[in-house]
file input-v2.cif (mmCIF, C-alpha atoms, pLDDT in the B column; chains and numbers go by the auth columns)
data_structure
loop_
_atom_site.group_PDB
_atom_site.id
_atom_site.type_symbol
_atom_site.label_atom_id
_atom_site.label_comp_id
_atom_site.label_asym_id
_atom_site.label_seq_id
_atom_site.Cartn_x
_atom_site.Cartn_y
_atom_site.Cartn_z
_atom_site.B_iso_or_equiv
_atom_site.auth_seq_id
_atom_site.auth_asym_id
ATOM 1 C CA MET A 1 0.000 0.000 0.000 65.00 1 N
ATOM 2 C CA HIS A 2 1.821 3.073 -1.290 91.00 2 N
ATOM 3 C CA ILE A 3 1.010 6.491 0.131 95.00 3 N
ATOM 4 C CA GLN A 4 2.610 9.557 -1.449 95.00 4 N
ATOM 5 C CA ARG A 5 2.936 12.679 0.712 96.00 5 N
ATOM 6 C CA LEU A 6 3.964 16.068 -0.701 95.00 6 N
ATOM 7 C CA HIS A 7 4.945 19.294 1.068 96.00 7 N
ATOM 8 C CA THR A 8 5.221 17.486 4.379 95.00 8 N
ATOM 9 C CA ASP A 9 6.485 18.803 7.682 95.00 9 N
ATOM 10 C CA ASN A 10 6.266 17.409 11.223 94.00 10 N
ATOM 11 C CA ARG A 11 2.599 18.361 11.552 93.00 11 N
ATOM 12 C CA MET A 12 0.987 17.726 8.185 95.00 12 N
ATOM 13 C CA SER A 13 1.204 17.208 4.437 96.00 13 N
ATOM 14 C CA GLN A 14 -0.360 19.588 1.919 97.00 14 N
ATOM 15 C CA ILE A 15 -1.079 16.693 -0.482 97.00 15 N
ATOM 16 C CA VAL A 16 -1.599 12.978 0.166 97.00 16 N
ATOM 17 C CA ILE A 17 -2.214 10.569 -2.717 97.00 17 N
ATOM 18 C CA HIS A 18 -3.490 7.042 -2.059 96.00 18 N
ATOM 19 C CA HIS A 19 -5.309 4.531 -4.294 93.00 19 N
ATOM 20 C CA GLY A 20 -6.108 7.085 -7.002 95.00 20 N
ATOM 21 C CA THR A 21 -7.438 9.682 -4.585 97.00 21 N
ATOM 22 C CA VAL A 22 -5.878 13.077 -3.832 98.00 22 N
ATOM 23 C CA TYR A 23 -6.409 14.649 -0.428 98.00 23 N
ATOM 24 C CA LEU A 24 -5.546 18.322 0.112 98.00 24 N
ATOM 25 C CA ALA A 25 -5.039 19.925 3.493 97.00 25 N
ATOM 26 C CA GLY A 26 -7.176 22.950 4.255 97.00 26 N
ATOM 27 C CA GLN A 27 -6.179 25.783 1.922 97.00 27 N
ATOM 28 C CA VAL A 28 -6.439 29.534 2.441 97.00 28 N
ATOM 29 C CA GLY A 29 -5.581 32.585 0.369 94.00 29 N
ATOM 30 C CA GLU A 30 -2.551 34.806 0.925 94.00 30 N
ATOM 31 C CA SER A 31 -4.197 38.235 1.218 93.00 31 N
ATOM 32 C CA MET A 32 -5.397 38.190 4.786 90.00 32 N
ATOM 33 C CA ASP A 33 -6.476 41.827 4.594 93.00 33 N
ATOM 34 C CA ALA A 34 -8.758 41.104 1.599 95.00 34 N
ATOM 35 C CA GLY A 35 -12.487 40.475 1.550 96.00 35 N
ATOM 36 C CA ILE A 36 -14.243 37.157 1.059 98.00 36 N
ATOM 37 C CA GLU A 37 -14.223 37.291 -2.753 98.00 37 N
ATOM 38 C CA GLN A 38 -10.459 37.766 -3.062 97.00 38 N
ATOM 39 C CA GLN A 39 -9.669 35.261 -0.317 98.00 39 N
ATOM 40 C CA THR A 40 -11.950 32.723 -2.017 98.00 40 N
ATOM 41 C CA GLN A 41 -10.307 33.332 -5.421 98.00 41 N
ATOM 42 C CA GLU A 42 -6.814 32.916 -3.957 98.00 42 N
ATOM 43 C CA THR A 43 -7.873 29.773 -2.107 98.00 43 N
ATOM 44 C CA LEU A 44 -9.260 28.247 -5.312 98.00 44 N
ATOM 45 C CA GLN A 45 -6.075 29.166 -7.195 98.00 45 N
ATOM 46 C CA GLU A 46 -4.006 27.365 -4.562 97.00 46 N
ATOM 47 C CA ILE A 47 -6.288 24.329 -4.799 98.00 47 N
ATOM 48 C CA GLU A 48 -5.868 24.269 -8.597 97.00 48 N
ATOM 49 C CA LYS A 49 -2.085 24.513 -8.230 98.00 49 N
ATOM 50 C CA LEU A 50 -1.888 21.644 -5.737 98.00 50 N
ATOM 51 C CA LEU A 51 -4.282 19.458 -7.728 98.00 51 N
ATOM 52 C CA ALA A 52 -2.166 19.996 -10.853 97.00 52 N
ATOM 53 C CA GLU A 53 0.953 19.040 -8.921 97.00 53 N
ATOM 54 C CA ALA A 54 -0.789 15.843 -7.805 97.00 54 N
ATOM 55 C CA GLY A 55 -1.890 15.054 -11.373 96.00 55 N
ATOM 56 C CA SER A 56 -5.545 16.023 -11.024 97.00 56 N
ATOM 57 C CA ASP A 57 -7.736 19.076 -11.634 97.00 57 N
ATOM 58 C CA LYS A 58 -10.953 20.753 -10.536 97.00 58 N
ATOM 59 C CA GLN A 59 -13.053 18.576 -12.872 97.00 59 N
ATOM 60 C CA HIS A 60 -12.066 15.592 -10.706 97.00 60 N
ATOM 61 C CA ILE A 61 -12.957 17.055 -7.300 98.00 61 N
ATOM 62 C CA LEU A 62 -15.109 14.606 -5.353 98.00 62 N
ATOM 63 C CA SER A 63 -15.705 16.500 -2.118 98.00 63 N
ATOM 64 C CA VAL A 64 -15.067 19.936 -0.629 98.00 64 N
ATOM 65 C CA THR A 65 -15.504 21.099 2.944 98.00 65 N
ATOM 66 C CA ILE A 66 -15.667 24.884 3.175 98.00 66 N
ATOM 67 C CA TYR A 67 -15.059 26.663 6.459 98.00 67 N
ATOM 68 C CA LEU A 68 -16.278 30.260 6.748 98.00 68 N
ATOM 69 C CA LYS A 69 -15.449 32.574 9.615 97.00 69 N
ATOM 70 C CA ASP A 70 -18.872 34.257 9.316 97.00 70 N
ATOM 71 C CA ILE A 71 -21.318 32.184 7.267 98.00 71 N
ATOM 72 C CA ALA A 72 -24.141 34.748 7.430 97.00 72 N
ATOM 73 C CA ARG A 73 -21.906 37.526 6.081 97.00 73 N
ATOM 74 C CA ASP A 74 -19.705 35.611 3.626 97.00 74 N
ATOM 75 C CA PHE A 75 -21.699 32.670 2.194 98.00 75 N
ATOM 76 C CA ALA A 76 -23.085 34.613 -0.795 98.00 76 N
ATOM 77 C CA GLY A 77 -19.736 36.232 -1.659 98.00 77 N
ATOM 78 C CA MET A 78 -17.876 32.927 -1.460 98.00 78 N
ATOM 79 C CA ASN A 79 -20.528 31.213 -3.591 98.00 79 N
ATOM 80 C CA ALA A 80 -20.351 33.935 -6.267 98.00 80 N
ATOM 81 C CA VAL A 81 -16.637 33.192 -6.768 98.00 81 N
ATOM 82 C CA TRP A 82 -17.138 29.428 -6.460 98.00 82 N
ATOM 83 C CA ASP A 83 -19.907 29.443 -9.091 97.00 83 N
ATOM 84 C CA ARG A 84 -17.685 31.274 -11.608 97.00 84 N
ATOM 85 C CA TRP A 85 -14.740 28.943 -10.895 97.00 85 N
ATOM 86 C CA LEU A 86 -16.402 25.537 -11.133 96.00 86 N
ATOM 87 C CA PRO A 87 -17.243 24.225 -14.623 94.00 87 N
ATOM 88 C CA GLU A 88 -20.864 23.248 -15.203 94.00 88 N
ATOM 89 C CA GLY A 89 -21.654 19.589 -14.665 95.00 89 N
ATOM 90 C CA VAL A 90 -18.798 18.690 -12.295 95.00 90 N
ATOM 91 C CA ALA A 91 -20.117 19.915 -8.938 96.00 91 N
ATOM 92 C CA PRO A 92 -18.655 17.839 -6.079 98.00 92 N
ATOM 93 C CA VAL A 93 -20.397 16.960 -2.862 98.00 93 N
ATOM 94 C CA ARG A 94 -19.912 19.900 -0.551 98.00 94 N
ATOM 95 C CA ALA A 95 -20.426 21.007 3.022 98.00 95 N
ATOM 96 C CA THR A 96 -20.085 24.567 4.263 98.00 96 N
ATOM 97 C CA VAL A 97 -19.787 25.328 7.964 98.00 97 N
ATOM 98 C CA GLU A 98 -18.966 28.287 10.155 97.00 98 N
ATOM 99 C CA ALA A 99 -15.723 27.778 12.052 97.00 99 N
ATOM 100 C CA GLY A 100 -13.249 29.512 14.288 95.00 100 N
ATOM 101 C CA MET A 101 -10.127 30.065 12.211 94.00 101 N
ATOM 102 C CA CYS A 102 -6.515 29.568 13.272 92.00 102 N
ATOM 103 C CA GLU A 103 -5.795 33.224 12.383 92.00 103 N
ATOM 104 C CA SER A 104 -8.330 36.000 12.895 92.00 104 N
ATOM 105 C CA ASP A 105 -7.945 37.446 9.361 96.00 105 N
ATOM 106 C CA ILE A 106 -8.771 34.186 7.555 97.00 106 N
ATOM 107 C CA LEU A 107 -12.316 34.329 6.194 97.00 107 N
ATOM 108 C CA VAL A 108 -12.414 31.051 4.232 98.00 108 N
ATOM 109 C CA GLU A 109 -10.602 27.713 4.217 98.00 109 N
ATOM 110 C CA MET A 110 -11.280 24.745 1.935 98.00 110 N
ATOM 111 C CA SER A 111 -10.344 21.084 2.231 98.00 111 N
ATOM 112 C CA VAL A 112 -10.568 19.005 -0.965 98.00 112 N
ATOM 113 C CA VAL A 113 -10.691 15.347 -1.985 98.00 113 N
ATOM 114 C CA ALA A 114 -10.240 14.607 -5.706 98.00 114 N
ATOM 115 C CA ALA A 115 -9.777 11.627 -7.980 97.00 115 N
ATOM 116 C CA LEU A 116 -6.753 11.109 -10.165 96.00 116 N
ATOM 117 C CA PRO A 117 -7.804 10.854 -13.817 92.00 117 N
ATOM 118 C CA GLU A 118 -7.512 7.269 -15.029 80.00 118 N
ATOM 119 C CA ILE A 119 -4.818 8.157 -17.573 63.00 119 N
ATOM 120 C CA THR A 120 -2.476 9.613 -14.925 53.00 120 N
ATOM 121 C CA ARG A 121 -3.072 7.066 -12.183 52.00 121 N
ATOM 122 C CA PRO A 122 0.003 4.915 -11.517 56.00 122 N
ATOM 123 C CA ASP A 123 -0.767 1.292 -10.622 56.00 123 N
ATOM 124 C CA ASN A 124 0.812 1.617 -7.176 52.00 124 N
ATOM 125 C CA LEU A 125 -1.195 4.695 -6.075 53.00 125 N
#

call {"tool": "encode", "arguments": {"input": "input-v2.cif", "output": "structure tokens"}}
result
Amino acid sequence: MHIQRLHTDNRMSQIVIHHGTVYLAGQVGESMDAGIEQQTQETLQEIEKLLAEAGSDKQHILSVTIYLKDIARDFAGMNAVWDRWLPEGVAPVRATVEAGMCESDILVEMSVVAALPEITRPDNL
């Protein structure tokens, strides 16, 4: 049973690949002083980058858990960016919850599970 871990430190890995499935750690944007739309866009860009590194893409996302600091204030703004980003017909299962964040300026964090496309899936993953 081969498990591939990328961008790993003592606490966590940013990417784990196992049996054709890609798991991403919770991702956030870089502009902590920005509003929900920019933080969401940056978060989605980081997710795309990590999925590409793992050999997958947003069309293969299976599940997303979205954490919002203030769901009443930011749900609509996050969804506006999400809806523009996600291609039609590939919507994953999704849960969105309000959560205390590890840093007070983080408005959104997303954790993703995606499939590896069949053509890029090595036999031992």

call {"tool": "closest_residue", "arguments": {"input": "input-v2.cif", "among": "N:Arg73, N:His19, N:Arg11, N:Lys58", "to": "Trp85 in chain N", "atoms": "only C-alpha atoms"}}
result
N:Lys58

call {"tool": "closest_residue", "arguments": {"input": "input-v2.cif", "among": "N:Thr65, N:Gln14, N:Thr96, N:Gln39", "to": "Glu53 in chain N", "atoms": "only C-alpha atoms"}}
result
N:Gln14

call {"tool": "residues_around", "arguments": {"input": "input-v2.cif", "residues": "Ser104 in chain N", "least_positions_apart": "3", "cutoff": "12 Å", "atoms": "only C-alpha atoms", "output": "compact mmCIF listing (two decimals) with C-alpha atoms, in the frame of the given file"}}
result
# COMPACT_ATOMS: atom_id res chain seq x y z
CA MET N 32 -5.40 38.19 4.79
CA ASP N 33 -6.48 41.83 4.59
CA LEU N 68 -16.28 30.26 6.75
CA LYS N 69 -15.45 32.57 9.62
CA ASP N 70 -18.87 34.26 9.32
CA ALA N 99 -15.72 27.78 12.05
CA GLY N 100 -13.25 29.51 14.29
CA MET N 101 -10.13 30.06 12.21
CA LEU N 107 -12.32 34.33 6.19
CA VAL N 108 -12.41 31.05 4.23

call {"tool": "closest_residue", "arguments": {"input": "input-v2.cif", "among": "N:Ala91, N:Val97, N:Val81, N:Ile61", "to": "Thr21 in chain N", "atoms": "only C-alpha atoms"}}
result
N:Ile61

call {"tool": "atom_distance", "arguments": {"input": "input-v2.cif", "atom1": "CA of Asp83 in chain N", "atom2": "CA of Tyr67 in chain N"}}
result
16.5 Å

call {"tool": "decode", "arguments": {"input": "input-v2.cif", "residues": "range 44-78 of chain N", "atoms": "N, CA and C atoms", "output": "JSON list (two decimals), in the first residue's frame"}}
result
[["chain", "number", "residue", "atom", "x", "y", "z"],
["N", 44, "LEU", "N", -8.98, 29.12, -4.17],
["N", 44, "LEU", "CA", -9.26, 28.25, -5.31],
["N", 44, "LEU", "C", -8.05, 28.14, -6.24],
["N", 45, "GLN", "N", -7.30, 29.22, -6.39],
["N", 45, "GLN", "CA", -6.07, 29.17, -7.19],
["N", 45, "GLN", "C", -5.06, 28.22, -6.57],
["N", 46, "GLU", "N", -4.93, 28.26, -5.26],
["N", 46, "GLU", "CA", -4.01, 27.37, -4.56],
["N", 46, "GLU", "C", -4.46, 25.91, -4.71],
["N", 47, "ILE", "N", -5.75, 25.68, -4.62],
["N", 47, "ILE", "CA", -6.29, 24.33, -4.80],
["N", 47, "ILE", "C", -5.97, 23.83, -6.21],
["N", 48, "GLU", "N", -6.18, 24.67, -7.21],
["N", 48, "GLU", "CA", -5.87, 24.27, -8.60],
["N", 48, "GLU", "C", -4.39, 23.93, -8.75],
["N", 49, "LYS", "N", -3.53, 24.74, -8.14],
["N", 49, "LYS", "CA", -2.08, 24.51, -8.23],
["N", 49, "LYS", "C", -1.71, 23.17, -7.60],
["N", 50, "LEU", "N", -2.21, 22.89, -6.42],
["N", 50, "LEU", "CA", -1.89, 21.64, -5.74],
["N", 50, "LEU", "C", -2.48, 20.44, -6.46],
["N", 51, "LEU", "N", -3.70, 20.56, -6.97],
["N", 51, "LEU", "CA", -4.28, 19.46, -7.73],
["N", 51, "LEU", "C", -3.45, 19.16, -8.97],
["N", 52, "ALA", "N", -3.00, 20.19, -9.66],
["N", 52, "ALA", "CA", -2.17, 20.00, -10.85],
["N", 52, "ALA", "C", -0.87, 19.28, -10.48],
["N", 53, "GLU", "N", -0.28, 19.69, -9.37],
["N", 53, "GLU", "CA", 0.95, 19.04, -8.92],
["N", 53, "GLU", "C", 0.72, 17.55, -8.63],
["N", 54, "ALA", "N", -0.46, 17.23, -8.12],
["N", 54, "ALA", "CA", -0.79, 15.84, -7.81],
["N", 54, "ALA", "C", -1.22, 15.05, -9.04],
["N", 55, "GLY", "N", -1.46, 15.74, -10.16],
["N", 55, "GLY", "CA", -1.89, 15.05, -11.37],
["N", 55, "GLY", "C", -3.39, 15.06, -11.59],
["N", 56, "SER", "N", -4.10, 15.94, -10.90],
["N", 56, "SER", "CA", -5.54, 16.02, -11.02],
["N", 56, "SER", "C", -5.95, 17.45, -11.40],
["N", 57, "ASP", "N", -7.24, 17.74, -11.31],
["N", 57, "ASP", "CA", -7.74, 19.08, -11.63],
["N", 57, "ASP", "C", -9.12, 19.26, -11.02],
["N", 58, "LYS", "N", -9.67, 20.46, -11.18],
["N", 58, "LYS", "CA", -10.95, 20.75, -10.54],
["N", 58, "LYS", "C", -12.12, 19.94, -11.10],
["N", 59, "GLN", "N", -12.00, 19.43, -12.31],
["N", 59, "GLN", "CA", -13.05, 18.58, -12.87],
["N", 59, "GLN", "C", -13.14, 17.22, -12.17],
["N", 60, "HIS", "N", -12.10, 16.88, -11.40],
["N", 60, "HIS", "CA", -12.07, 15.59, -10.71],
["N", 60, "HIS", "C", -12.27, 15.71, -9.19],
["N", 61, "ILE", "N", -12.70, 16.89, -8.73],
["N", 61, "ILE", "CA", -12.96, 17.06, -7.30],
["N", 61, "ILE", "C", -14.18, 16.22, -6.92],
["N", 62, "LEU", "N", -14.03, 15.45, -5.86],
["N", 62, "LEU", "CA", -15.11, 14.61, -5.35],
["N", 62, "LEU", "C", -15.86, 15.29, -4.22],
["N", 63, "SER", "N", -15.12, 15.95, -3.34],
["N", 63, "SER", "CA", -15.70, 16.50, -2.12],
["N", 63, "SER", "C", -14.94, 17.74, -1.68],
["N", 64, "VAL", "N", -15.67, 18.72, -1.18],
["N", 64, "VAL", "CA", -15.07, 19.94, -0.63],
["N", 64, "VAL", "C", -15.76, 20.27, 0.68],
["N", 65, "THR", "N", -14.97, 20.55, 1.70],
["N", 65, "THR", "CA", -15.50, 21.10, 2.94],
["N", 65, "THR", "C", -15.02, 22.54, 3.02],
["N", 66, "ILE", "N", -15.97, 23.45, 3.15],
["N", 66, "ILE", "CA", -15.67, 24.88, 3.18],
["N", 66, "ILE", "C", -15.94, 25.40, 4.58],
["N", 67, "TYR", "N", -14.95, 26.07, 5.13],
["N", 67, "TYR", "CA", -15.06, 26.66, 6.46],
["N", 67, "TYR", "C", -15.11, 28.18, 6.29],
["N", 68, "LEU", "N", -16.15, 28.81, 6.80],
["N", 68, "LEU", "CA", -16.28, 30.26, 6.75],
["N", 68, "LEU", "C", -16.24, 30.83, 8.16],
["N", 69, "LYS", "N", -15.52, 31.91, 8.31],
["N", 69, "LYS", "CA", -15.45, 32.57, 9.62],
["N", 69, "LYS", "C", -16.83, 33.11, 10.02],
["N", 70, "ASP", "N", -17.55, 33.70, 9.06],
["N", 70, "ASP", "CA", -18.87, 34.26, 9.32],
["N", 70, "ASP", "C", -19.79, 33.84, 8.17],
["N", 71, "ILE", "N", -20.52, 32.75, 8.36],
["N", 71, "ILE", "CA", -21.32, 32.18, 7.27],
["N", 71, "ILE", "C", -22.44, 33.12, 6.85],
["N", 72, "ALA", "N", -23.05, 33.84, 7.78],
["N", 72, "ALA", "CA", -24.14, 34.75, 7.43],
["N", 72, "ALA", "C", -23.64, 35.89, 6.55],
["N", 73, "ARG", "N", -22.46, 36.39, 6.84],
["N", 73, "ARG", "CA", -21.91, 37.53, 6.08],
["N", 73, "ARG", "C", -21.27, 37.09, 4.77],
["N", 74, "ASP", "N", -20.60, 35.94, 4.74],
["N", 74, "ASP", "CA", -19.71, 35.61, 3.63],
["N", 74, "ASP", "C", -20.17, 34.49, 2.70],
["N", 75, "PHE", "N", -21.26, 33.80, 3.01],
["N", 75, "PHE", "CA", -21.70, 32.67, 2.19],
["N", 75, "PHE", "C", -21.99, 33.09, 0.75],
["N", 76, "ALA", "N", -22.72, 34.17, 0.57],
["N", 76, "ALA", "CA", -23.09, 34.61, -0.79],
["N", 76, "ALA", "C", -21.85, 35.05, -1.58],
["N", 77, "GLY", "N", -20.94, 35.79, -0.97],
["N", 77, "GLY", "CA", -19.74, 36.23, -1.66],
["N", 77, "GLY", "C", -18.83, 35.08, -2.04],
["N", 78, "MET", "N", -18.69, 34.11, -1.15],
["N", 78, "MET", "CA", -17.88, 32.93, -1.46],
["N", 78, "MET", "C", -18.52, 32.16, -2.60]]
